[in-house]
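*Asks:* TSV, N, CA and C atoms, file input-v2.tsv:
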```tsv
chain	number	residue	atom	x	y	z
A	1	MET	N	0.84	-1.18	0.00
A	1	MET	CA	0.00	0.00	0.00
A	1	MET	C	0.88	1.23	0.00
A	2	ASP	N	0.48	2.24	-0.74
A	2	ASP	CA	1.19	3.51	-0.69
A	2	ASP	C	0.83	4.24	0.58
A	3	THR	N	1.78	4.99	1.08
A	3	THR	CA	1.48	5.81	2.25
A	3	THR	C	0.90	7.13	1.78
A	4	SER	N	0.24	7.82	2.68
A	4	SER	CA	-0.36	9.10	2.35
A	4	SER	C	-0.04	10.09	3.45
A	5	ASP	N	0.48	11.25	3.07
A	5	ASP	CA	0.70	12.28	4.07
A	5	ASP	C	-0.28	13.43	3.88
A	6	GLY	N	-1.41	13.13	3.23
A	6	GLY	CA	-2.41	14.14	2.94
A	6	GLY	C	-3.24	14.56	4.14
A	7	GLY	N	-3.27	13.76	5.18
A	7	GLY	CA	-4.07	14.09	6.36
A	7	GLY	C	-3.34	15.01	7.30
A	8	GLN	N	-4.01	15.37	8.38
A	8	GLN	CA	-3.44	16.27	9.38
A	8	GLN	C	-2.54	15.50	10.34
A	9	LYS	N	-1.54	16.19	10.85
A	9	LYS	CA	-0.65	15.61	11.86
A	9	LYS	C	-1.29	15.74	13.24
A	10	LEU	N	-0.92	14.84	14.14
A	10	LEU	CA	-1.43	14.86	15.50
A	10	LEU	C	-1.06	16.18	16.17
A	11	GLU	N	-2.04	16.80	16.84
A	11	GLU	CA	-1.79	18.04	17.56
A	11	GLU	C	-0.72	17.80	18.63
A	12	PRO	N	0.22	18.75	18.79
A	12	PRO	CA	1.34	18.57	19.73
A	12	PRO	C	0.92	18.23	21.16
A	13	GLU	N	-0.21	18.75	21.62
A	13	GLU	CA	-0.65	18.48	22.99
A	13	GLU	C	-0.90	17.00	23.23
A	14	TRP	N	-1.24	16.24	22.17
A	14	TRP	CA	-1.54	14.82	22.33
A	14	TRP	C	-0.30	13.96	22.16
A	15	VAL	N	0.75	14.50	21.54
A	15	VAL	CA	2.01	13.77	21.41
A	15	VAL	C	2.56	13.43	22.79
A	16	GLU	N	2.40	14.35	23.73
A	16	GLU	CA	2.95	14.19	25.08
A	16	GLU	C	2.18	13.19	25.93
A	17	VAL	N	0.93	12.93	25.59
A	17	VAL	CA	0.05	12.09	26.43
A	17	VAL	C	0.53	10.64	26.48
A	18	GLY	N	1.05	10.14	25.38
A	18	GLY	CA	1.40	8.72	25.31
A	18	GLY	C	0.15	7.92	25.02
A	19	SER	N	0.30	6.63	24.99
A	19	SER	CA	-0.80	5.74	24.61
A	19	SER	C	-1.95	5.82	25.61
A	20	ASN	N	-3.16	6.10	25.11
A	20	ASN	CA	-4.33	6.12	25.98
A	20	ASN	C	-5.52	5.37	25.38
A	21	VAL	N	-5.33	4.79	24.20
A	21	VAL	CA	-6.40	4.03	23.58
A	21	VAL	C	-5.83	2.73	23.01
A	22	CYS	N	-6.59	1.66	23.18
A	22	CYS	CA	-6.20	0.39	22.57
A	22	CYS	C	-7.46	-0.34	22.15
A	23	GLY	N	-7.30	-1.27	21.24
A	23	GLY	CA	-8.46	-2.00	20.78
A	23	GLY	C	-8.09	-3.11	19.83
A	24	VAL	N	-9.11	-3.80	19.36
A	24	VAL	CA	-8.95	-4.91	18.43
A	24	VAL	C	-9.97	-4.75	17.32
A	25	LEU	N	-9.49	-4.90	16.08
A	25	LEU	CA	-10.37	-4.97	14.92
A	25	LEU	C	-10.57	-6.44	14.60
A	26	ARG	N	-11.79	-6.90	14.64
A	26	ARG	CA	-12.07	-8.32	14.50
A	26	ARG	C	-12.29	-8.74	13.04
A	27	GLY	N	-11.72	-9.88	12.70
A	27	GLY	CA	-11.96	-10.48	11.40
A	27	GLY	C	-11.32	-9.73	10.24
A	28	CYS	N	-10.26	-9.02	10.51
A	28	CYS	CA	-9.57	-8.26	9.47
A	28	CYS	C	-8.07	-8.45	9.68
A	29	ARG	N	-7.45	-9.29	8.88
A	29	ARG	CA	-6.04	-9.63	9.08
A	29	ARG	C	-5.08	-8.67	8.38
A	30	ASP	N	-5.55	-7.89	7.41
A	30	ASP	CA	-4.67	-7.10	6.57
A	30	ASP	C	-4.66	-5.64	7.00
A	31	ALA	N	-3.60	-5.22	7.68
A	31	ALA	CA	-3.49	-3.85	8.15
A	31	ALA	C	-3.45	-2.85	7.00
A	32	SER	N	-2.93	-3.25	5.84
A	32	SER	CA	-2.87	-2.31	4.72
A	32	SER	C	-4.27	-1.95	4.22
A	33	VAL	N	-5.21	-2.90	4.27
A	33	VAL	CA	-6.59	-2.63	3.87
A	33	VAL	C	-7.21	-1.62	4.83
A	34	VAL	N	-6.98	-1.80	6.12
A	34	VAL	CA	-7.51	-0.87	7.12
A	34	VAL	C	-6.88	0.51	6.94
A	35	ALA	N	-5.57	0.56	6.71
A	35	ALA	CA	-4.89	1.84	6.49
A	35	ALA	C	-5.49	2.55	5.28
A	36	GLN	N	-5.79	1.81	4.22
A	36	GLN	CA	-6.41	2.42	3.04
A	36	GLN	C	-7.76	3.02	3.36
A	37	HIS	N	-8.54	2.36	4.23
A	37	HIS	CA	-9.84	2.90	4.66
A	37	HIS	C	-9.63	4.24	5.36
A	38	PHE	N	-8.64	4.30	6.24
A	38	PHE	CA	-8.37	5.55	6.95
A	38	PHE	C	-7.94	6.66	5.99
A	39	VAL	N	-7.13	6.33	4.97
A	39	VAL	CA	-6.72	7.32	3.97
A	39	VAL	C	-7.95	7.88	3.26
A	40	ARG	N	-8.89	7.01	2.89
A	40	ARG	CA	-10.10	7.48	2.23
A	40	ARG	C	-10.95	8.35	3.15
A	41	ALA	N	-10.78	8.19	4.47
A	41	ALA	CA	-11.49	9.03	5.44
A	41	ALA	C	-10.73	10.32	5.73
A	42	GLY	N	-9.60	10.55	5.03
A	42	GLY	CA	-8.87	11.80	5.18
A	42	GLY	C	-7.70	11.77	6.14
A	43	TRP	N	-7.35	10.59	6.65
A	43	TRP	CA	-6.23	10.46	7.57
A	43	TRP	C	-4.94	10.26	6.77
A	44	SER	N	-3.80	10.55	7.41
A	44	SER	CA	-2.51	10.20	6.81
A	44	SER	C	-2.10	8.82	7.33
A	45	THR	N	-1.24	8.16	6.61
A	45	THR	CA	-0.77	6.84	7.02
A	45	THR	C	0.65	6.62	6.54
A	46	ARG	N	1.35	5.76	7.26
A	46	ARG	CA	2.69	5.37	6.83
A	46	ARG	C	2.95	3.97	7.35
A	47	SER	N	3.82	3.27	6.67
A	47	SER	CA	4.23	1.95	7.11
A	47	SER	C	5.05	2.10	8.38
A	48	SER	N	4.77	1.27	9.39
A	48	SER	CA	5.51	1.36	10.65
A	48	SER	C	6.27	0.07	10.97
A	49	SER	N	6.01	-0.99	10.21
A	49	SER	CA	6.71	-2.27	10.37
A	49	SER	C	6.46	-3.08	9.09
A	50	TRP	N	6.90	-4.32	9.08
A	50	TRP	CA	6.70	-5.15	7.90
A	50	TRP	C	5.22	-5.26	7.52
A	51	HIS	N	4.35	-5.34	8.52
A	51	HIS	CA	2.93	-5.55	8.23
A	51	HIS	C	2.03	-4.54	8.92
A	52	GLY	N	2.61	-3.57	9.62
A	52	GLY	CA	1.82	-2.62	10.38
A	52	GLY	C	1.85	-1.22	9.79
A	53	TYR	N	0.89	-0.43	10.21
A	53	TYR	CA	0.76	0.95	9.73
A	53	TYR	C	0.43	1.88	10.88
A	54	GLU	N	0.86	3.12	10.72
A	54	GLU	CA	0.45	4.18	11.63
A	54	GLU	C	-0.54	5.04	10.86
A	55	VAL	N	-1.70	5.29	11.46
A	55	VAL	CA	-2.71	6.17	10.86
A	55	VAL	C	-2.87	7.36	11.78
A	56	GLU	N	-3.11	8.55	11.18
A	56	GLU	CA	-3.04	9.76	11.99
A	56	GLU	C	-3.96	10.85	11.44
A	57	THR	N	-4.53	11.59	12.37
A	57	THR	CA	-5.24	12.83	12.09
A	57	THR	C	-4.94	13.77	13.24
A	58	SER	N	-5.51	14.96	13.24
A	58	SER	CA	-5.13	15.97	14.25
A	58	SER	C	-5.47	15.55	15.67
A	59	TRP	N	-6.43	14.65	15.86
A	59	TRP	CA	-6.87	14.28	17.20
A	59	TRP	C	-6.60	12.82	17.56
A	60	CYS	N	-5.92	12.09	16.69
A	60	CYS	CA	-5.67	10.67	16.96
A	60	CYS	C	-4.49	10.15	16.14
A	61	GLN	N	-3.71	9.26	16.76
A	61	GLN	CA	-2.62	8.57	16.08
A	61	GLN	C	-2.65	7.12	16.56
A	62	LEU	N	-2.78	6.19	15.63
A	62	LEU	CA	-2.91	4.77	15.98
A	62	LEU	C	-1.91	3.92	15.21
A	63	GLU	N	-1.42	2.90	15.87
A	63	GLU	CA	-0.69	1.81	15.22
A	63	GLU	C	-1.70	0.72	14.93
A	64	VAL	N	-1.68	0.21	13.72
A	64	VAL	CA	-2.55	-0.90	13.30
A	64	VAL	C	-1.63	-2.06	12.99
A	65	GLU	N	-1.64	-3.10	13.84
A	65	GLU	CA	-0.68	-4.20	13.74
A	65	GLU	C	-1.41	-5.55	13.72
A	66	PRO	N	-0.97	-6.46	12.86
A	66	PRO	CA	-1.52	-7.83	12.90
A	66	PRO	C	-1.13	-8.53	14.20
A	67	ILE	N	-2.02	-9.36	14.70
A	67	ILE	CA	-1.73	-10.21	15.87
A	67	ILE	C	-2.10	-11.63	15.47
A	68	GLU	N	-1.84	-12.58	16.35
A	68	GLU	CA	-2.20	-13.98	16.07
A	68	GLU	C	-3.70	-14.08	15.79
A	69	GLY	N	-4.05	-14.91	14.84
A	69	GLY	CA	-5.46	-15.11	14.53
A	69	GLY	C	-5.95	-14.10	13.50
A	70	PRO	N	-7.26	-13.94	13.42
A	70	PRO	CA	-7.85	-13.14	12.34
A	70	PRO	C	-8.04	-11.66	12.68
A	71	ASP	N	-7.34	-11.12	13.67
A	71	ASP	CA	-7.61	-9.78	14.15
A	71	ASP	C	-6.40	-8.85	14.00
A	72	LEU	N	-6.67	-7.56	14.17
A	72	LEU	CA	-5.63	-6.53	14.19
A	72	LEU	C	-5.68	-5.80	15.53
A	73	LEU	N	-4.52	-5.41	16.01
A	73	LEU	CA	-4.42	-4.65	17.25
A	73	LEU	C	-4.31	-3.17	16.91
A	74	LEU	N	-5.04	-2.34	17.67
A	74	LEU	CA	-4.94	-0.88	17.58
A	74	LEU	C	-4.37	-0.38	18.89
A	75	ASN	N	-3.43	0.55	18.83
A	75	ASN	CA	-3.03	1.24	20.05
A	75	ASN	C	-2.43	2.57	19.68
A	76	GLY	N	-2.59	3.54	20.58
A	76	GLY	CA	-2.07	4.86	20.31
A	76	GLY	C	-2.68	5.89	21.22
A	77	VAL	N	-2.87	7.08	20.67
A	77	VAL	CA	-3.38	8.20	21.47
A	77	VAL	C	-4.56	8.84	20.74
A	78	VAL	N	-5.57	9.21	21.53
A	78	VAL	CA	-6.74	9.90	21.01
A	78	VAL	C	-7.11	11.02	21.98
A	79	ASP	N	-7.53	12.15	21.45
A	79	ASP	CA	-8.13	13.20	22.27
A	79	ASP	C	-9.40	12.57	22.84
A	80	PRO	N	-9.55	12.47	24.16
A	80	PRO	CA	-10.72	11.81	24.74
A	80	PRO	C	-12.05	12.38	24.25
A	81	GLN	N	-12.06	13.65	23.88
A	81	GLN	CA	-13.29	14.25	23.36
A	81	GLN	C	-13.68	13.68	22.00
A	82	HIS	N	-12.75	13.00	21.34
A	82	HIS	CA	-13.01	12.42	20.02
A	82	HIS	C	-13.11	10.89	20.06
A	83	PHE	N	-13.19	10.31	21.25
A	83	PHE	CA	-13.27	8.85	21.37
A	83	PHE	C	-14.47	8.30	20.59
A	84	ASP	N	-15.64	8.93	20.75
A	84	ASP	CA	-16.83	8.48	20.02
A	84	ASP	C	-16.65	8.67	18.52
A	85	GLU	N	-15.96	9.74	18.12
A	85	GLU	CA	-15.71	9.97	16.70
A	85	GLU	C	-14.82	8.88	16.11
A	86	LEU	N	-13.84	8.42	16.89
A	86	LEU	CA	-13.00	7.30	16.44
A	86	LEU	C	-13.87	6.07	16.21
A	87	GLY	N	-14.77	5.79	17.15
A	87	GLY	CA	-15.69	4.68	16.96
A	87	GLY	C	-16.53	4.85	15.70
A	88	GLY	N	-16.96	6.07	15.44
A	88	GLY	CA	-17.74	6.37	14.23
A	88	GLY	C	-16.96	6.10	12.96
A	89	VAL	N	-15.68	6.47	12.95
A	89	VAL	CA	-14.82	6.20	11.79
A	89	VAL	C	-14.75	4.69	11.55
A	90	LEU	N	-14.52	3.93	12.62
A	90	LEU	CA	-14.44	2.47	12.47
A	90	LEU	C	-15.76	1.88	12.01
A	91	ARG	N	-16.88	2.38	12.54
A	91	ARG	CA	-18.20	1.90	12.11
A	91	ARG	C	-18.43	2.19	10.63
A	92	ARG	N	-18.10	3.41	10.19
A	92	ARG	CA	-18.29	3.77	8.78
A	92	ARG	C	-17.43	2.91	7.87
A	93	LEU	N	-16.31	2.41	8.40
A	93	LEU	CA	-15.46	1.52	7.62
A	93	LEU	C	-16.01	0.10	7.59
A	94	GLY	N	-17.09	-0.14	8.34
A	94	GLY	CA	-17.71	-1.46	8.36
A	94	GLY	C	-16.96	-2.47	9.20
A	95	LEU	N	-16.18	-1.98	10.17
A	95	LEU	CA	-15.34	-2.87	10.97
A	95	LEU	C	-16.00	-3.21	12.30
A	96	THR	N	-15.82	-4.44	12.74
A	96	THR	CA	-16.23	-4.87	14.07
A	96	THR	C	-15.03	-4.67	14.98
A	97	TYR	N	-15.25	-4.08	16.14
A	97	TYR	CA	-14.11	-3.69	16.97
A	97	TYR	C	-14.48	-3.60	18.44
A	98	SER	N	-13.46	-3.52	19.26
A	98	SER	CA	-13.59	-3.10	20.65
A	98	SER	C	-12.50	-2.07	20.90
A	99	LEU	N	-12.84	-1.02	21.63
A	99	LEU	CA	-11.90	0.05	21.98
A	99	LEU	C	-11.95	0.31	23.47
A	100	GLU	N	-10.81	0.66	24.04
A	100	GLU	CA	-10.73	1.05	25.44
A	100	GLU	C	-9.97	2.36	25.53
A	101	LEU	N	-10.49	3.28	26.35
A	101	LEU	CA	-9.87	4.58	26.58
A	101	LEU	C	-9.38	4.63	28.02
A	102	TYR	N	-8.14	5.02	28.20
A	102	TYR	CA	-7.52	5.09	29.52
A	102	TYR	C	-7.12	6.54	29.83
A	103	GLN	N	-7.04	6.86	31.13
A	103	GLN	CA	-6.48	8.15	31.51
A	103	GLN	C	-5.10	7.93	32.07
A	104	GLY	N	-4.37	9.01	32.38
A	104	GLY	CA	-2.96	9.01	32.69
A	104	GLY	C	-2.44	7.90	33.59
A	105	ASP	N	-3.19	7.49	34.60
A	105	ASP	CA	-2.69	6.48	35.53
A	105	ASP	C	-3.14	5.07	35.14
A	106	ASP	N	-3.42	4.88	33.86
A	106	ASP	CA	-3.86	3.59	33.31
A	106	ASP	C	-5.21	3.13	33.85
A	107	THR	N	-6.06	4.07	34.23
A	107	THR	CA	-7.41	3.75	34.67
A	107	THR	C	-8.33	3.71	33.46
A	108	LEU	N	-9.05	2.61	33.30
A	108	LEU	CA	-10.00	2.47	32.22
A	108	LEU	C	-11.12	3.49	32.41
A	109	VAL	N	-11.36	4.33	31.39
A	109	VAL	CA	-12.37	5.38	31.48
A	109	VAL	C	-13.63	4.99	30.70
A	110	ARG	N	-13.44	4.45	29.50
A	110	ARG	CA	-14.57	4.07	28.66
A	110	ARG	C	-14.23	2.86	27.82
A	111	GLU	N	-15.26	2.14	27.44
A	111	GLU	CA	-15.13	1.00	26.52
A	111	GLU	C	-16.20	1.13	25.45
A	112	MET	N	-15.89	0.61	24.28
A	112	MET	CA	-16.84	0.60	23.18
A	112	MET	C	-16.67	-0.73	22.45
A	113	HIS	N	-17.79	-1.42	22.23
A	113	HIS	CA	-17.74	-2.71	21.53
A	113	HIS	C	-18.80	-2.70	20.43
A	114	VAL	N	-18.39	-3.01	19.22
A	114	VAL	CA	-19.31	-3.06	18.08
A	114	VAL	C	-19.03	-4.33	17.29
```
Spit out the file's structure as structure tokens when you get a sec.
*Replies:*
Amino acid sequence: MDTSDGGQKLEPEWVEVGSNVCGVLRGCRDASVVAQHFVRAGWSTRSSSWHGYEVETSWCQLEVEPIEGPDLLLNGVVDPQHFDELGGVLRRLGLTYSLELYQGDDTLVREMHV
């Protein structure tokens, strides 16, 4: 897959936060297909490993990595005010997923399962 730098870069205030969101995309083994979906939604993407991708917009930056079995792992940082919007992006992509949002001390704040 070609990378795209057409989307917005993560706002600097969220770079400092570190990882606060993680999740699993179910039944989708190909991270490049998911990255392409994000590009079509206006996000930027780049290859981050042999089979993984980083997808990014101004309020979220995620690593999309294959794991054992038929799923992909998501982890990264999201502006908590956009947590529902992230779920909306995944829903519009037709993906089944679970997401967890954490605050600074690794306390689970919200969960979303679709």
*Asks:* Between A:Ser58, A:Gln103, A:Asn20, A:Ser98, which has the minimum distance to Val77 in chain A (counting all atoms listed in the file)?
*Replies:*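 Using all atoms listed in the file, Val77 in chain A sits closest to A:Asn20.
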*Asks:* Taking only N, CA and C atoms into account, which of A:Leu99, A:Leu93, A:Val24, A:Leu10 comes nearest Glu111 in chain A?
*Replies:*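 Selected residue with least distance to Glu111 in chain A: A:Leu99.
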*Asks:* Set the distance at 6 Å and use only N, CA and C atoms: which residues neighbour Thr96 in chain A once local chain neighbours fewer than 4 positions away are removed? I'd like the list as JSON, numbers by chain.
*Replies:* {"A": [24, 25, 26, 114]}
*Asks:* Please produce a file of those selected residues containing N, CA and C atoms, as a PDB file, in the coordinates of the input.
*Replies:*
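Here's the written file part-v7.pdb:
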```pdb
ATOM      1  N   VAL A  24      -9.110  -3.800  19.360  1.00  0.00           N
ATOM      2  CA  VAL A  24      -8.950  -4.910  18.430  1.00  0.00           C
ATOM      3  C   VAL A  24      -9.970  -4.750  17.320  1.00  0.00           C
ATOM      4  N   LEU A  25      -9.490  -4.900  16.080  1.00  0.00           N
ATOM      5  CA  LEU A  25     -10.370  -4.970  14.920  1.00  0.00           C
ATOM      6  C   LEU A  25     -10.570  -6.440  14.600  1.00  0.00           C
ATOM      7  N   ARG A  26     -11.790  -6.900  14.640  1.00  0.00           N
ATOM      8  CA  ARG A  26     -12.070  -8.320  14.500  1.00  0.00           C
ATOM      9  C   ARG A  26     -12.290  -8.740  13.040  1.00  0.00           C
ATOM     10  N   VAL A 114     -18.390  -3.010  19.220  1.00  0.00           N
ATOM     11  CA  VAL A 114     -19.310  -3.060  18.080  1.00  0.00           C
ATOM     12  C   VAL A 114     -19.030  -4.330  17.290  1.00  0.00           C
TER      13      VAL A 114
END
```
*Asks:* Could you pull out the strand (DSSP E) residues of range 2-46 of chain A, going by DSSP on the backbone, and write them as a PDB file with N, CA and C atoms, in the frame of the given file?
*Replies:*
```
ATOM      1  N   VAL A  21      -5.330   4.790  24.200  1.00  0.00           N
ATOM      2  CA  VAL A  21      -6.400   4.030  23.580  1.00  0.00           C
ATOM      3  C   VAL A  21      -5.830   2.730  23.010  1.00  0.00           C
ATOM      4  N   CYS A  22      -6.590   1.660  23.180  1.00  0.00           N
ATOM      5  CA  CYS A  22      -6.200   0.390  22.570  1.00  0.00           C
ATOM      6  C   CYS A  22      -7.460  -0.340  22.150  1.00  0.00           C
ATOM      7  N   GLY A  23      -7.300  -1.270  21.240  1.00  0.00           N
ATOM      8  CA  GLY A  23      -8.460  -2.000  20.780  1.00  0.00           C
ATOM      9  C   GLY A  23      -8.090  -3.110  19.830  1.00  0.00           C
ATOM     10  N   VAL A  24      -9.110  -3.800  19.360  1.00  0.00           N
ATOM     11  CA  VAL A  24      -8.950  -4.910  18.430  1.00  0.00           C
ATOM     12  C   VAL A  24      -9.970  -4.750  17.320  1.00  0.00           C
ATOM     13  N   LEU A  25      -9.490  -4.900  16.080  1.00  0.00           N
ATOM     14  CA  LEU A  25     -10.370  -4.970  14.920  1.00  0.00           C
ATOM     15  C   LEU A  25     -10.570  -6.440  14.600  1.00  0.00           C
ATOM     16  N   ARG A  26     -11.790  -6.900  14.640  1.00  0.00           N
ATOM     17  CA  ARG A  26     -12.070  -8.320  14.500  1.00  0.00           C
ATOM     18  C   ARG A  26     -12.290  -8.740  13.040  1.00  0.00           C
ATOM     19  N   SER A  44      -3.800  10.550   7.410  1.00  0.00           N
ATOM     20  CA  SER A  44      -2.510  10.200   6.810  1.00  0.00           C
ATOM     21  C   SER A  44      -2.100   8.820   7.330  1.00  0.00           C
ATOM     22  N   THR A  45      -1.240   8.160   6.610  1.00  0.00           N
ATOM     23  CA  THR A  45      -0.770   6.840   7.020  1.00  0.00           C
ATOM     24  C   THR A  45       0.650   6.620   6.540  1.00  0.00           C
ATOM     25  N   ARG A  46       1.350   5.760   7.260  1.00  0.00           N
ATOM     26  CA  ARG A  46       2.690   5.370   6.830  1.00  0.00           C
ATOM     27  C   ARG A  46       2.950   3.970   7.350  1.00  0.00           C
TER      28      ARG A  46
END
```
*Asks:* I'd like the neighbourhood of Glu54 in chain A as JSON, numbers by chain, where a residue qualifies if any of its atoms comes within 8 Å (using all atoms listed in the file), though same-chain residues fewer than 6 positions away should be ignored.
*Replies:* {"A": [35, 43, 44, 45, 46, 47, 48, 61, 62, 63, 64, 65]}
*Asks:* For a test of reading the model, state the distance in Å between atom N of Leu101 in chain A and CA of Val39 in chain A, rounded to one decimal.
*Replies:*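 Computing the Euclidean distance for atom N of Leu101 in chain A and CA of Val39 in chain A yields 23.1 Å.
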*Asks:* Rank nothing, just name the residue among A:Glu16, A:Glu11, A:Arg29, A:Met112 nearest to Pro70 in chain A, using all atoms listed in the file.
*Replies:* A:Arg29
*Asks:* In Å, with one decimal, what is the gap from atom C of Val15 in chain A to CA of Cys60 in chain A?
*Replies:*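 If I compute the distance from atom C of Val15 in chain A to CA of Cys60 in chain A, I get 10.5 Å.
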*Asks:* Check the smallest atom-to-atom distance from each of A:Gln36, A:Thr57, A:Asp30, A:Gly23 to Gln8 in chain A using all atoms listed in the file, then report the winner.
*Replies:* A:Thr57
*Asks:* Smallest atom-to-atom distance to His113 in chain A: which of A:Val33, A:Val17, A:Ile67, A:Cys22, using only C-alpha atoms?
*Replies:*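 Comparing A:Val33, A:Val17, A:Ile67, A:Cys22 against His113 in chain A, the winner is A:Cys22.
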*Asks:* Would you return as a PyMOL selection string the members of range 20-110 of chain A that DSSP assigns to alpha helix (DSSP H) on this structure's backbone?
*Replies:* chain A and resi 31-40+83-92
*Asks:* Report, in Å to a single decimal, how far apart CA of Ser49 in chain A and CA of Cys28 in chain A are.
*Replies:*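 Those two atoms sit 17.4 Å apart.
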*Asks:* To test the calculation: enclose all listed atoms of range 51-67 of chain A in a box whose edges run along x, y and z, add 4 Å on each side, then state centre and edge lengths in Å to one decimal, as JSON.
*Replies:*
```
{"center_x": -1.3, "center_y": 2.2, "center_z": 12.9, "size_x": 19.2, "size_y": 35.6, "size_z": 17.3}
```
